[in-house]
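Source file start08.cif; content: mmCIF, C-alpha atoms and all ligand atoms.
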```
data_query
loop_
_atom_site.group_PDB
_atom_site.id
_atom_site.type_symbol
_atom_site.label_atom_id
_atom_site.label_comp_id
_atom_site.auth_asym_id
_atom_site.auth_seq_id
_atom_site.Cartn_x
_atom_site.Cartn_y
_atom_site.Cartn_z
ATOM 1 C CA MET A 1 -0.020 8.534 158.273
ATOM 2 C CA ILE A 2 2.671 5.869 158.583
ATOM 3 C CA GLU A 3 1.670 2.997 160.797
ATOM 4 C CA LEU A 4 4.567 1.660 162.853
ATOM 5 C CA SER A 5 3.677 -1.881 163.812
ATOM 6 C CA ARG A 6 6.310 -4.267 165.170
ATOM 7 C CA ARG A 7 5.983 -6.272 161.910
ATOM 8 C CA ASN A 8 6.641 -3.149 159.783
ATOM 9 C CA LEU A 9 9.675 -2.267 161.887
ATOM 10 C CA LEU A 10 11.119 -5.766 161.633
ATOM 11 C CA ALA A 11 10.524 -5.900 157.868
ATOM 12 C CA GLY A 12 12.182 -2.508 157.526
ATOM 13 C CA ALA A 13 15.148 -3.622 159.608
ATOM 14 C CA ALA A 14 15.600 -6.761 157.465
ATOM 15 C CA ALA A 15 15.500 -4.698 154.273
ATOM 16 C CA ALA A 16 18.002 -2.222 155.693
ATOM 17 C CA THR A 17 20.356 -5.053 156.649
ATOM 18 C CA ALA A 18 20.102 -6.529 153.147
ATOM 19 C CA LEU A 19 20.825 -3.148 151.561
ATOM 20 C CA SER A 20 23.544 -1.989 153.914
ATOM 21 C CA SER A 21 26.184 -4.273 152.425
ATOM 22 C CA LEU A 22 25.537 -2.982 148.901
ATOM 23 C CA SER A 23 26.593 0.389 147.534
ATOM 24 C CA SER A 24 24.471 2.217 144.947
ATOM 25 C CA ASN A 25 26.142 0.446 142.024
ATOM 26 C CA GLY A 26 25.669 -2.950 143.639
ATOM 27 C CA SER A 27 29.300 -3.587 144.661
ATOM 28 C CA VAL A 28 30.049 -4.879 148.175
ATOM 29 C CA LEU A 29 31.380 -2.300 150.684
ATOM 30 C CA ALA A 30 34.194 -3.078 153.104
ATOM 31 C CA ALA A 31 33.028 -3.276 156.724
ATOM 32 C CA ALA A 32 34.243 -0.304 158.771
ATOM 33 C CA PRO A 33 36.163 -1.441 161.868
ATOM 34 C CA PRO A 34 34.323 -0.672 165.120
ATOM 35 C CA ALA A 35 35.817 2.197 167.141
ATOM 36 C CA ALA A 36 35.791 -0.013 170.286
ATOM 37 C CA LYS A 37 36.366 3.077 172.419
ATOM 38 C CA GLN A 38 34.162 5.783 173.925
ATOM 39 C CA ALA A 39 34.701 9.442 172.970
ATOM 40 C CA ASN A 40 36.446 11.675 175.507
ATOM 41 C CA GLY A 41 34.033 12.710 178.253
ATOM 42 C CA PHE A 42 33.856 16.412 178.918
ATOM 43 C CA TYR A 43 30.942 18.850 178.662
ATOM 44 C CA ARG A 44 31.362 22.600 178.583
ATOM 45 C CA TYR A 45 28.869 25.369 179.288
ATOM 46 C CA LYS A 46 28.781 29.091 179.973
ATOM 47 C CA LEU A 47 27.656 30.270 183.383
ATOM 48 C CA GLY A 48 27.419 34.048 183.082
ATOM 49 C CA ALA A 49 30.953 35.116 182.175
ATOM 50 C CA PHE A 50 32.428 31.833 183.512
ATOM 51 C CA GLU A 51 33.187 28.722 181.510
ATOM 52 C CA VAL A 52 32.485 25.445 183.296
ATOM 53 C CA THR A 53 33.759 22.055 182.098
ATOM 54 C CA VAL A 54 32.402 18.819 183.544
ATOM 55 C CA VAL A 55 35.241 16.315 183.160
ATOM 56 C CA THR A 56 34.179 12.728 183.746
ATOM 57 C CA ASP A 57 36.410 10.298 185.609
ATOM 58 C CA GLY A 58 34.400 7.330 184.291
ATOM 59 C CA ALA A 59 32.109 5.012 186.257
ATOM 60 C CA ARG A 60 32.324 1.990 188.514
ATOM 61 C CA VAL A 61 30.079 -0.914 187.519
ATOM 62 C CA GLY A 62 29.711 -3.715 190.016
ATOM 63 C CA PRO A 63 27.270 -6.003 191.805
ATOM 64 C CA LEU A 64 24.680 -4.383 194.076
ATOM 65 C CA ALA A 65 25.739 -5.094 197.676
ATOM 66 C CA ASP A 66 23.010 -6.388 200.015
ATOM 67 C CA ASN A 67 23.577 -3.479 202.404
ATOM 68 C CA PHE A 68 24.109 -0.738 199.817
ATOM 69 C CA VAL A 69 21.041 1.053 201.173
ATOM 70 C CA ARG A 70 21.138 0.613 204.937
ATOM 71 C CA ASN A 71 17.444 1.192 205.549
ATOM 72 C CA ALA A 72 15.843 -0.418 202.480
ATOM 73 C CA LYS A 73 15.330 -4.004 201.352
ATOM 74 C CA LYS A 74 17.386 -5.195 198.394
ATOM 75 C CA ASP A 75 14.158 -5.992 196.502
ATOM 76 C CA ASP A 76 13.047 -2.377 196.871
ATOM 77 C CA VAL A 77 16.447 -1.109 195.748
ATOM 78 C CA ASN A 78 16.286 -3.392 192.712
ATOM 79 C CA ALA A 79 12.765 -2.147 191.944
ATOM 80 C CA ALA A 80 14.065 1.450 192.020
ATOM 81 C CA LEU A 81 16.972 0.537 189.726
ATOM 82 C CA GLN A 82 14.582 -1.084 187.261
ATOM 83 C CA ALA A 83 12.209 1.880 187.464
ATOM 84 C CA GLY A 84 15.243 3.898 186.329
ATOM 85 C CA PHE A 85 15.817 1.446 183.432
ATOM 86 C CA GLN A 86 18.999 0.140 185.053
ATOM 87 C CA ASN A 87 19.982 -3.487 185.517
ATOM 88 C CA LYS A 88 18.820 -5.398 188.566
ATOM 89 C CA ASP A 89 21.563 -6.441 191.020
ATOM 90 C CA GLU A 90 24.054 -4.136 189.330
ATOM 91 C CA LEU A 91 25.221 -0.701 190.385
ATOM 92 C CA THR A 92 26.774 1.910 188.108
ATOM 93 C CA ILE A 93 28.295 4.840 189.965
ATOM 94 C CA PRO A 94 29.664 7.643 187.737
ATOM 95 C CA PHE A 95 32.260 10.212 188.872
ATOM 96 C CA ASN A 96 32.079 13.756 187.499
ATOM 97 C CA PRO A 97 34.433 16.498 188.734
ATOM 98 C CA ASN A 98 34.126 20.110 187.486
ATOM 99 C CA VAL A 99 36.618 22.728 186.327
ATOM 100 C CA ILE A 100 35.607 26.399 186.375
ATOM 101 C CA ASN A 101 37.376 29.136 184.460
ATOM 102 C CA THR A 102 36.324 32.355 186.188
ATOM 103 C CA GLY A 103 38.333 34.511 183.793
ATOM 104 C CA SER A 104 40.969 35.194 186.449
ATOM 105 C CA LYS A 105 41.324 31.723 188.024
ATOM 106 C CA LEU A 106 41.165 28.148 186.807
ATOM 107 C CA VAL A 107 39.501 26.175 189.590
ATOM 108 C CA ALA A 108 39.024 22.398 189.842
ATOM 109 C CA ILE A 109 36.415 20.973 192.218
ATOM 110 C CA ASP A 110 37.295 17.374 193.216
ATOM 111 C CA THR A 111 39.695 15.170 191.301
ATOM 112 C CA GLY A 112 38.368 11.641 190.670
ATOM 113 C CA LEU A 113 39.956 8.327 191.612
ATOM 114 C CA GLY A 114 43.411 9.001 190.209
ATOM 115 C CA LEU A 115 45.529 7.604 187.427
ATOM 116 C CA GLY A 116 46.494 4.461 189.385
ATOM 117 C CA VAL A 117 42.901 3.266 188.994
ATOM 118 C CA PHE A 118 42.948 4.005 185.256
ATOM 119 C CA ALA A 119 45.302 1.084 184.559
ATOM 120 C CA GLN A 120 43.720 -1.223 187.165
ATOM 121 C CA SER A 121 40.213 -0.723 185.769
ATOM 122 C CA LYS A 122 41.381 -0.916 182.126
ATOM 123 C CA GLY A 123 40.329 2.680 181.568
ATOM 124 C CA LYS A 124 36.812 2.443 183.034
ATOM 125 C CA MET A 125 37.718 4.788 185.898
ATOM 126 C CA GLY A 126 40.466 7.309 186.537
ATOM 127 C CA GLN A 127 39.760 8.974 183.183
ATOM 128 C CA TYR A 128 39.856 12.494 184.621
ATOM 129 C CA GLN A 129 43.402 13.456 183.593
ATOM 130 C CA SER A 130 43.066 12.191 180.013
ATOM 131 C CA ASN A 131 39.641 13.818 179.618
ATOM 132 C CA LEU A 132 40.969 17.052 181.137
ATOM 133 C CA ALA A 133 43.792 17.109 178.579
ATOM 134 C CA ALA A 134 41.334 16.297 175.771
ATOM 135 C CA SER A 135 39.209 19.274 176.895
ATOM 136 C CA GLY A 136 42.236 21.527 176.337
ATOM 137 C CA ILE A 137 42.965 22.189 180.020
ATOM 138 C CA ASP A 138 46.514 21.724 181.324
ATOM 139 C CA ALA A 139 46.581 20.393 184.909
ATOM 140 C CA LYS A 140 49.633 22.626 185.479
ATOM 141 C CA ALA A 141 47.495 25.686 184.693
ATOM 142 C CA ILE A 142 44.992 24.972 187.474
ATOM 143 C CA ASP A 143 45.303 27.631 190.200
ATOM 144 C CA VAL A 144 43.055 26.160 192.872
ATOM 145 C CA VAL A 145 41.705 22.674 193.661
ATOM 146 C CA ILE A 146 38.696 22.726 195.969
ATOM 147 C CA ILE A 147 37.902 19.420 197.687
ATOM 148 C CA SER A 148 34.317 18.646 198.776
ATOM 149 C CA HIS A 149 35.160 15.835 201.220
ATOM 150 C CA PHE A 150 37.784 13.185 201.884
ATOM 151 C CA HIS A 151 36.503 10.029 200.190
ATOM 152 C CA GLY A 152 38.958 8.444 197.764
ATOM 153 C CA ASP A 153 36.838 9.103 194.662
ATOM 154 C CA HIS A 154 37.222 12.851 195.346
ATOM 155 C CA ILE A 155 40.807 13.170 196.634
ATOM 156 C CA ASN A 156 42.876 10.358 195.091
ATOM 157 C CA GLY A 157 43.235 12.304 191.847
ATOM 158 C CA LEU A 158 45.272 14.922 193.733
ATOM 159 C CA LEU A 159 48.223 12.585 193.089
ATOM 160 C CA THR A 160 49.720 11.106 189.925
ATOM 161 C CA ALA A 161 50.195 7.327 189.634
ATOM 162 C CA ASP A 162 53.662 7.731 191.219
ATOM 163 C CA ASN A 163 52.338 9.854 194.122
ATOM 164 C CA LYS A 164 53.444 13.252 192.843
ATOM 165 C CA PRO A 165 51.139 16.321 192.923
ATOM 166 C CA ALA A 166 48.798 16.050 189.922
ATOM 167 C CA PHE A 167 48.164 19.836 190.075
ATOM 168 C CA PRO A 168 51.710 21.077 190.801
ATOM 169 C CA ASN A 169 50.851 24.791 190.774
ATOM 170 C CA ALA A 170 47.515 24.700 192.597
ATOM 171 C CA GLU A 171 46.507 25.774 196.075
ATOM 172 C CA ILE A 172 44.534 22.891 197.630
ATOM 173 C CA MET A 173 41.463 23.983 199.629
ATOM 174 C CA VAL A 174 39.653 21.614 202.006
ATOM 175 C CA PRO A 175 36.659 21.960 204.362
ATOM 176 C CA ALA A 176 38.038 22.779 207.835
ATOM 177 C CA PRO A 177 35.760 20.301 209.710
ATOM 178 C CA GLU A 178 36.686 17.540 207.244
ATOM 179 C CA TRP A 179 40.382 18.107 207.922
ATOM 180 C CA ALA A 180 39.758 18.281 211.683
ATOM 181 C CA TYR A 181 37.909 14.951 211.658
ATOM 182 C CA TRP A 182 40.143 12.796 209.436
ATOM 183 C CA MET A 183 43.497 14.171 210.617
ATOM 184 C CA ASP A 184 42.786 13.767 214.326
ATOM 185 C CA ASP A 185 44.667 10.758 215.747
ATOM 186 C CA GLY A 186 42.227 10.332 218.649
ATOM 187 C CA THR A 187 39.231 10.245 216.279
ATOM 188 C CA MET A 188 41.070 7.697 214.129
ATOM 189 C CA SER A 189 41.845 5.450 217.104
ATOM 190 C CA ARG A 190 38.196 5.490 218.218
ATOM 191 C CA ALA A 191 36.708 5.064 214.725
ATOM 192 C CA ALA A 192 35.082 1.836 213.529
ATOM 193 C CA ALA A 193 37.294 -0.720 211.778
ATOM 194 C CA GLY A 194 35.480 -0.060 208.504
ATOM 195 C CA LEU A 195 36.678 3.563 208.515
ATOM 196 C CA GLN A 196 40.358 2.868 209.166
ATOM 197 C CA GLY A 197 41.152 2.443 205.462
ATOM 198 C CA ASN A 198 39.730 5.887 204.723
ATOM 199 C CA PHE A 199 41.701 7.492 207.569
ATOM 200 C CA LYS A 200 44.882 5.907 206.159
ATOM 201 C CA ASN A 201 44.087 6.990 202.607
ATOM 202 C CA VAL A 202 43.471 10.604 203.674
ATOM 203 C CA ARG A 203 46.860 10.656 205.409
ATOM 204 C CA ARG A 204 48.555 8.989 202.424
ATOM 205 C CA VAL A 205 47.198 11.553 199.924
ATOM 206 C CA PHE A 206 47.714 14.721 201.945
ATOM 207 C CA GLY A 207 51.006 13.429 203.358
ATOM 208 C CA ALA A 208 52.341 13.172 199.794
ATOM 209 C CA LEU A 209 51.403 16.854 199.398
ATOM 210 C CA GLY A 210 53.282 17.760 202.587
ATOM 211 C CA ASN A 211 49.908 18.385 204.298
ATOM 212 C CA LYS A 212 49.931 21.761 202.553
ATOM 213 C CA VAL A 213 46.293 22.793 202.349
ATOM 214 C CA THR A 214 44.136 25.848 202.955
ATOM 215 C CA LYS A 215 41.209 25.024 205.239
ATOM 216 C CA TYR A 216 37.892 26.702 204.502
ATOM 217 C CA ASP A 217 34.711 27.385 206.466
ATOM 218 C CA ASP A 218 31.033 27.461 205.528
ATOM 219 C CA ASN A 219 29.679 30.285 203.346
ATOM 220 C CA LYS A 220 33.089 31.575 202.281
ATOM 221 C CA GLU A 221 34.118 32.756 198.814
ATOM 222 C CA LEU A 222 36.938 30.325 197.940
ATOM 223 C CA ALA A 223 37.632 31.748 194.473
ATOM 224 C CA PRO A 224 35.818 34.456 192.497
ATOM 225 C CA GLY A 225 32.099 33.513 192.488
ATOM 226 C CA ILE A 226 32.620 30.118 194.189
ATOM 227 C CA VAL A 227 31.107 29.901 197.693
ATOM 228 C CA SER A 228 31.184 26.957 200.112
ATOM 229 C CA LEU A 229 27.872 25.550 201.366
ATOM 230 C CA PHE A 230 28.401 23.004 204.122
ATOM 231 C CA THR A 231 26.164 19.964 203.631
ATOM 232 C CA PRO A 232 27.218 17.516 206.384
ATOM 233 C CA GLY A 233 26.074 13.938 206.966
ATOM 234 C CA HIS A 234 27.701 12.064 204.108
ATOM 235 C CA THR A 235 30.935 12.901 205.939
ATOM 236 C CA PRO A 236 31.323 15.222 208.958
ATOM 237 C CA GLY A 237 32.730 18.121 206.906
ATOM 238 C CA HIS A 238 31.108 17.479 203.526
ATOM 239 C CA SER A 239 30.750 20.700 201.496
ATOM 240 C CA SER A 240 28.802 21.658 198.386
ATOM 241 C CA HIS A 241 29.622 24.740 196.307
ATOM 242 C CA VAL A 242 27.522 27.478 194.733
ATOM 243 C CA VAL A 243 29.049 29.006 191.609
ATOM 244 C CA THR A 244 27.654 32.359 190.501
ATOM 245 C CA SER A 245 28.485 34.682 187.632
ATOM 246 C CA GLY A 246 26.170 37.590 186.892
ATOM 247 C CA SER A 247 22.595 36.333 187.185
ATOM 248 C CA SER A 248 23.554 32.675 186.535
ATOM 249 C CA SER A 249 24.381 30.080 189.141
ATOM 250 C CA VAL A 250 24.816 26.351 189.623
ATOM 251 C CA LEU A 251 24.853 24.360 192.843
ATOM 252 C CA LEU A 252 27.443 21.586 192.807
ATOM 253 C CA GLN A 253 26.199 19.131 195.424
ATOM 254 C CA ALA A 254 29.116 16.664 195.554
ATOM 255 C CA ASP A 255 27.656 13.631 197.440
ATOM 256 C CA VAL A 256 24.484 15.035 198.982
ATOM 257 C CA THR A 257 22.966 12.144 197.020
ATOM 258 C CA ASN A 258 24.618 9.181 195.399
ATOM 259 C CA ILE A 259 23.009 7.963 192.122
ATOM 260 C CA PRO A 260 19.741 9.817 191.455
ATOM 261 C CA SER A 261 17.639 6.772 190.475
ATOM 262 C CA LEU A 262 17.958 5.599 194.085
ATOM 263 C CA PHE A 263 18.534 8.601 196.342
ATOM 264 C CA VAL A 264 16.818 11.506 194.581
ATOM 265 C CA ARG A 265 13.718 9.391 194.019
ATOM 266 C CA ASN A 266 14.005 8.084 197.619
ATOM 267 C CA PRO A 267 15.610 10.848 199.703
ATOM 268 C CA GLY A 268 14.913 8.864 202.894
ATOM 269 C CA TRP A 269 17.285 6.078 201.839
ATOM 270 C CA HIS A 270 20.679 6.010 203.535
ATOM 271 C CA ALA A 271 23.584 4.880 201.342
ATOM 272 C CA VAL A 272 26.222 2.763 203.011
ATOM 273 C CA PHE A 273 28.689 5.625 202.352
ATOM 274 C CA ASP A 274 26.644 8.139 204.391
ATOM 275 C CA MET A 275 28.544 8.279 207.691
ATOM 276 C CA ASP A 276 25.586 9.832 209.536
ATOM 277 C CA GLY A 277 22.468 8.589 207.705
ATOM 278 C CA PRO A 278 19.828 10.723 209.481
ATOM 279 C CA MET A 279 21.946 13.896 209.171
ATOM 280 C CA ALA A 280 22.670 13.182 205.491
ATOM 281 C CA GLU A 281 18.933 12.721 204.895
ATOM 282 C CA ALA A 282 18.023 15.995 206.645
ATOM 283 C CA THR A 283 20.683 17.836 204.609
ATOM 284 C CA ARG A 284 19.443 16.194 201.390
ATOM 285 C CA ARG A 285 15.777 17.098 201.939
ATOM 286 C CA LYS A 286 16.621 20.700 202.864
ATOM 287 C CA LEU A 287 18.874 21.183 199.845
ATOM 288 C CA TYR A 288 16.517 19.477 197.380
ATOM 289 C CA ASP A 289 13.514 21.493 198.651
ATOM 290 C CA ARG A 290 15.569 24.607 197.912
ATOM 291 C CA LEU A 291 16.688 23.354 194.474
ATOM 292 C CA ALA A 292 13.057 22.593 193.569
ATOM 293 C CA ALA A 293 11.669 25.881 194.946
ATOM 294 C CA ASP A 294 14.351 28.012 193.279
ATOM 295 C CA ARG A 295 14.321 25.964 190.017
ATOM 296 C CA MET A 296 18.083 26.072 190.368
ATOM 297 C CA LEU A 297 20.547 24.307 188.066
ATOM 298 C CA MET A 298 22.534 21.664 189.932
ATOM 299 C CA GLY A 299 25.469 19.362 189.329
ATOM 300 C CA GLY A 300 25.747 15.953 191.023
ATOM 301 C CA TYR A 301 29.128 14.255 191.229
ATOM 302 C CA HIS A 302 27.529 10.791 191.004
ATOM 303 C CA TYR A 303 24.836 11.699 188.445
ATOM 304 C CA PRO A 304 25.095 10.236 184.921
ATOM 305 C CA PHE A 305 27.342 12.414 182.723
ATOM 306 C CA PRO A 306 27.176 15.347 182.138
ATOM 307 C CA ALA A 307 25.782 15.194 185.644
ATOM 308 C CA MET A 308 23.578 18.280 185.564
ATOM 309 C CA ALA A 309 19.863 18.604 186.168
ATOM 310 C CA HIS A 310 16.994 20.601 187.540
ATOM 311 C CA ILE A 311 14.967 19.161 190.404
ATOM 312 C CA GLU A 312 11.200 18.829 190.773
ATOM 313 C CA LYS A 313 9.261 17.603 193.777
ATOM 314 C CA ASP A 314 7.536 14.307 192.992
ATOM 315 C CA GLY A 315 5.399 12.468 195.550
ATOM 316 C CA THR A 316 7.515 11.763 198.608
ATOM 317 C CA GLY A 317 10.760 12.312 196.692
ATOM 318 C CA TYR A 318 12.163 14.359 193.860
ATOM 319 C CA ARG A 319 12.592 13.957 190.132
ATOM 320 C CA PRO A 320 15.766 15.082 188.381
ATOM 321 C CA VAL A 321 15.260 16.513 184.888
ATOM 322 C CA PRO A 322 18.628 16.172 183.132
ATOM 323 C CA ILE A 323 19.813 19.137 181.060
ATOM 324 C CA ALA A 324 19.686 18.910 177.301
ATOM 325 C CA TRP A 325 22.995 18.845 175.397
ATOM 326 C CA ASN A 326 23.824 22.338 174.202
ATOM 327 C CA PRO A 327 25.825 22.145 170.971
ATOM 328 C CA THR A 328 27.208 25.681 171.374
ATOM 329 C CA LEU A 329 28.572 27.771 174.236
HETATM 330 ZN ZN ZN B 401 31.749 10.299 196.068
#
```

For this file, produce the structure as structure tokens.
Amino acid sequence: MIELSRRNLLAGAAAATALSSLSSNGSVLAAAPPAAKQANGFYRYKLGAFEVTVVTDGARVGPLADNFVRNAKKDDVNAALQAGFQNKDELTIPFNPNVINTGSKLVAIDTGLGLGVFAQSKGKMGQYQSNLAASGIDAKAIDVVIISHFHGDHINGLLTADNKPAFPNAEIMVPAPEWAYWMDDGTMSRAAAGLQGNFKNVRRVFGALGNKVTKYDDNKELAPGIVSLFTPGHTPGHSSHVVTSGSSSVLLQADVTNIPSLFVRNPGWHAVFDMDGPMAEATRRKLYDRLAADRMLMGGYHYPFPAMAHIEKDGTGYRPVPIAWNPTL
């Protein structure tokens, strides 16, 4: 049996370093230039007869705000981050929209932060359009865009950097209660100052599309095999989606939780983005109990790419078990 002590590993590493600059005949090899760039981020899988592509929009990395979890102490939030092997005082929030080819329709669910952010963030965010193209999908070929809710990280990608429709041939479908809330002038005038920016952004994005949308209700088939499942609390009209083909299905939860290391492990925590914390928590617990009981595959918009997992109950919370990479379809 090989014994792997720290000393053996270090000795091995030193020997490897010494050897790596020499080729078999003893001549010195040229150093390969580093790629300095991540590979395109898309992950494809079969769901029954459907083909689903998770197309990442990148991730936002920033300092952990003191109030990021409204009802938990920053020390406890940091402890949860470190338990998830993430850096203390730092928050990484990924963005992962989906595209579903049902065989008859090409359907996008949510759109990322938009190409404007791609330049601003030096390519860290707003990657959706370039990753979509790299996955072989033409934005012009998308028939339907289904929106889960009206936060900027889900709707801003509806527009190009110069405010033109990013999906010029698509019908845009939105949850009816979400539209009713954000487009109502009275609601806007009574809303807290902190929400005004979001009201304005919603009107900016949909205004540029001529406010041409199809509003949808709960438990409706929006495209073949894609059914709305209203999951309110994060926003008033927040919707998840259940995609089914044959005996296979996946539940795309949008923002029922933000990052799993915090909010799946601690479903009682209320993220600053949850507009109605107690309602979001009740929705989260109900949905996650179902995911665990049914052993159902799920996709989480803010999960680490490729943002798919199964859910187990664990103590007072839940444990996500990320899917394994499948090298074939
Ligand atoms: Zn979001």

Given the PyMOL selection byres (((chain A and resi 312) around 12) and not hetatm), the residues it picks as a list in words:
Val264, Arg265, Tyr288, Asp289, Arg290, Leu291, Ala292, Ala293, Asp294, Arg295, Met296, Leu297, Met298, Ala309, His310, Ile311, Lys313, Asp314, Gly315, Thr316, Gly317, Tyr318, Arg319, Pro320, Val321 and Pro322 of chain A

Output the residue selection produced by the PyMOL selection byres (((not hetatm)) within 7 of (chain B and resi 401)) on the file above, formatted as a PDB file with C-alpha atoms, in the frame of the given file.
```pdb
ATOM      1  CA  HIS A 151      36.503  10.029 200.190  1.00  0.00           C
ATOM      2  CA  ASP A 153      36.838   9.103 194.662  1.00  0.00           C
ATOM      3  CA  HIS A 154      37.222  12.851 195.346  1.00  0.00           C
ATOM      4  CA  ALA A 254      29.116  16.664 195.554  1.00  0.00           C
ATOM      5  CA  ASP A 255      27.656  13.631 197.440  1.00  0.00           C
ATOM      6  CA  TYR A 301      29.128  14.255 191.229  1.00  0.00           C
ATOM      7  CA  HIS A 302      27.529  10.791 191.004  1.00  0.00           C
TER       8      HIS A 302
END
```

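Using only C-alpha atoms, the smallest distance between any of A:Pro177, A:Pro278, A:Gly207, A:Gly48 and Gly103 in chain A comes from A:Gly48.
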
Could you list the residues chosen by the PyMOL selection byres (((chain A and resi 114) around 10) and not hetatm) in this structure as a list in words?
Asp57, Thr111, Gly112, Leu113, Leu115, Gly116, Val117, Phe118, Ala119, Met125, Gly126, Gln127, Tyr128, Gln129, Gly152, Asp153, His154, Ile155, Asn156, Gly157, Leu158, Leu159, Thr160, Ala161, Asn163 and Ala166 of chain A

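Proximity ranking of A:Lys164, A:Gly62, A:Ser104, A:Val144 relative to Asp89 in chain A places A:Gly62 first, based on only C-alpha atoms.
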
A:Gly225, A:Pro175, A:Pro97, A:Gly210 ranked by distance to Pro304 in chain A, top pick (using only C-alpha atoms)
A:Pro97

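The residue that comes closest to Asp184 in chain A, out of A:Ile226, A:Met275, A:Ala72, A:Val202 and on the basis of all atoms listed in the file, is A:Val202.
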
Please give the centre and size of the box around range 282-301 of chain A (axis-aligned, containing every atom listed in the file, 4 Å added per side), with values in Å to one decimal and written as AutoDock Vina command-line options.
```
--center_x 20.4 --center_y 21.1 --center_z 197.4 --size_x 25.5 --size_y 21.8 --size_z 26.6
```

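For Trp269 in chain A, the non-local neighbours within 8 Å, defined as residues at least 4 positions apart in the same chain or in other chains and counting only C-alpha atoms, are Val69, Arg70, Asn71, Ala72, Leu262, Phe263 and Glu281 of chain A.
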
Atoms to include: C-alpha atoms. Write the selected residues as a tab-separated table (two decimals), in the frame of the given file.
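Saved to again.tsv:
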```tsv
chain	number	residue	atom	x	y	z
A	69	VAL	CA	21.04	1.05	201.17
A	70	ARG	CA	21.14	0.61	204.94
A	71	ASN	CA	17.44	1.19	205.55
A	72	ALA	CA	15.84	-0.42	202.48
A	262	LEU	CA	17.96	5.60	194.08
A	263	PHE	CA	18.53	8.60	196.34
A	281	GLU	CA	18.93	12.72	204.90
```

Since the input is missing atoms for range 73-88 of chain A, could you rebuild it with N, CA and C atoms and give the result as a PDB file, in the coordinates of the input?
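File written: part16.pdb
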```
ATOM      1  N   LYS A  73      15.137  -2.611 201.764  1.00  0.00           N
ATOM      2  CA  LYS A  73      15.330  -4.004 201.352  1.00  0.00           C
ATOM      3  C   LYS A  73      15.922  -4.043 199.951  1.00  0.00           C
ATOM      4  N   LYS A  74      16.744  -5.076 199.703  1.00  0.00           N
ATOM      5  CA  LYS A  74      17.386  -5.195 198.394  1.00  0.00           C
ATOM      6  C   LYS A  74      16.342  -5.258 197.265  1.00  0.00           C
ATOM      7  N   ASP A  75      15.216  -5.914 197.529  1.00  0.00           N
ATOM      8  CA  ASP A  75      14.158  -5.992 196.502  1.00  0.00           C
ATOM      9  C   ASP A  75      13.657  -4.593 196.137  1.00  0.00           C
ATOM     10  N   ASP A  76      13.527  -3.738 197.140  1.00  0.00           N
ATOM     11  CA  ASP A  76      13.047  -2.377 196.871  1.00  0.00           C
ATOM     12  C   ASP A  76      14.103  -1.560 196.117  1.00  0.00           C
ATOM     13  N   VAL A  77      15.363  -1.802 196.453  1.00  0.00           N
ATOM     14  CA  VAL A  77      16.447  -1.109 195.748  1.00  0.00           C
ATOM     15  C   VAL A  77      16.475  -1.570 194.286  1.00  0.00           C
ATOM     16  N   ASN A  78      16.331  -2.872 194.084  1.00  0.00           N
ATOM     17  CA  ASN A  78      16.286  -3.392 192.712  1.00  0.00           C
ATOM     18  C   ASN A  78      15.098  -2.828 191.934  1.00  0.00           C
ATOM     19  N   ALA A  79      13.956  -2.708 192.617  1.00  0.00           N
ATOM     20  CA  ALA A  79      12.765  -2.147 191.944  1.00  0.00           C
ATOM     21  C   ALA A  79      13.044  -0.705 191.516  1.00  0.00           C
ATOM     22  N   ALA A  80      13.743   0.046 192.368  1.00  0.00           N
ATOM     23  CA  ALA A  80      14.065   1.450 192.020  1.00  0.00           C
ATOM     24  C   ALA A  80      15.057   1.490 190.864  1.00  0.00           C
ATOM     25  N   LEU A  81      16.027   0.582 190.860  1.00  0.00           N
ATOM     26  CA  LEU A  81      16.972   0.537 189.726  1.00  0.00           C
ATOM     27  C   LEU A  81      16.223   0.254 188.429  1.00  0.00           C
ATOM     28  N   GLN A  82      15.312  -0.722 188.482  1.00  0.00           N
ATOM     29  CA  GLN A  82      14.582  -1.084 187.261  1.00  0.00           C
ATOM     30  C   GLN A  82      13.617   0.013 186.834  1.00  0.00           C
ATOM     31  N   ALA A  83      13.056   0.733 187.811  1.00  0.00           N
ATOM     32  CA  ALA A  83      12.209   1.880 187.464  1.00  0.00           C
ATOM     33  C   ALA A  83      13.037   2.949 186.744  1.00  0.00           C
ATOM     34  N   GLY A  84      14.336   2.964 187.020  1.00  0.00           N
ATOM     35  CA  GLY A  84      15.243   3.898 186.329  1.00  0.00           C
ATOM     36  C   GLY A  84      15.876   3.269 185.093  1.00  0.00           C
ATOM     37  N   PHE A  85      15.317   2.154 184.625  1.00  0.00           N
ATOM     38  CA  PHE A  85      15.817   1.446 183.432  1.00  0.00           C
ATOM     39  C   PHE A  85      17.282   1.049 183.585  1.00  0.00           C
ATOM     40  N   GLN A  86      17.659   0.659 184.806  1.00  0.00           N
ATOM     41  CA  GLN A  86      18.999   0.140 185.053  1.00  0.00           C
ATOM     42  C   GLN A  86      18.884  -1.344 185.388  1.00  0.00           C
ATOM     43  N   ASN A  87      20.008  -2.048 185.269  1.00  0.00           N
ATOM     44  CA  ASN A  87      19.982  -3.487 185.517  1.00  0.00           C
ATOM     45  C   ASN A  87      19.781  -3.794 186.993  1.00  0.00           C
ATOM     46  N   LYS A  88      19.017  -4.860 187.225  1.00  0.00           N
ATOM     47  CA  LYS A  88      18.820  -5.398 188.566  1.00  0.00           C
ATOM     48  C   LYS A  88      20.159  -5.948 189.079  1.00  0.00           C
TER      49      LYS A  88
END
```
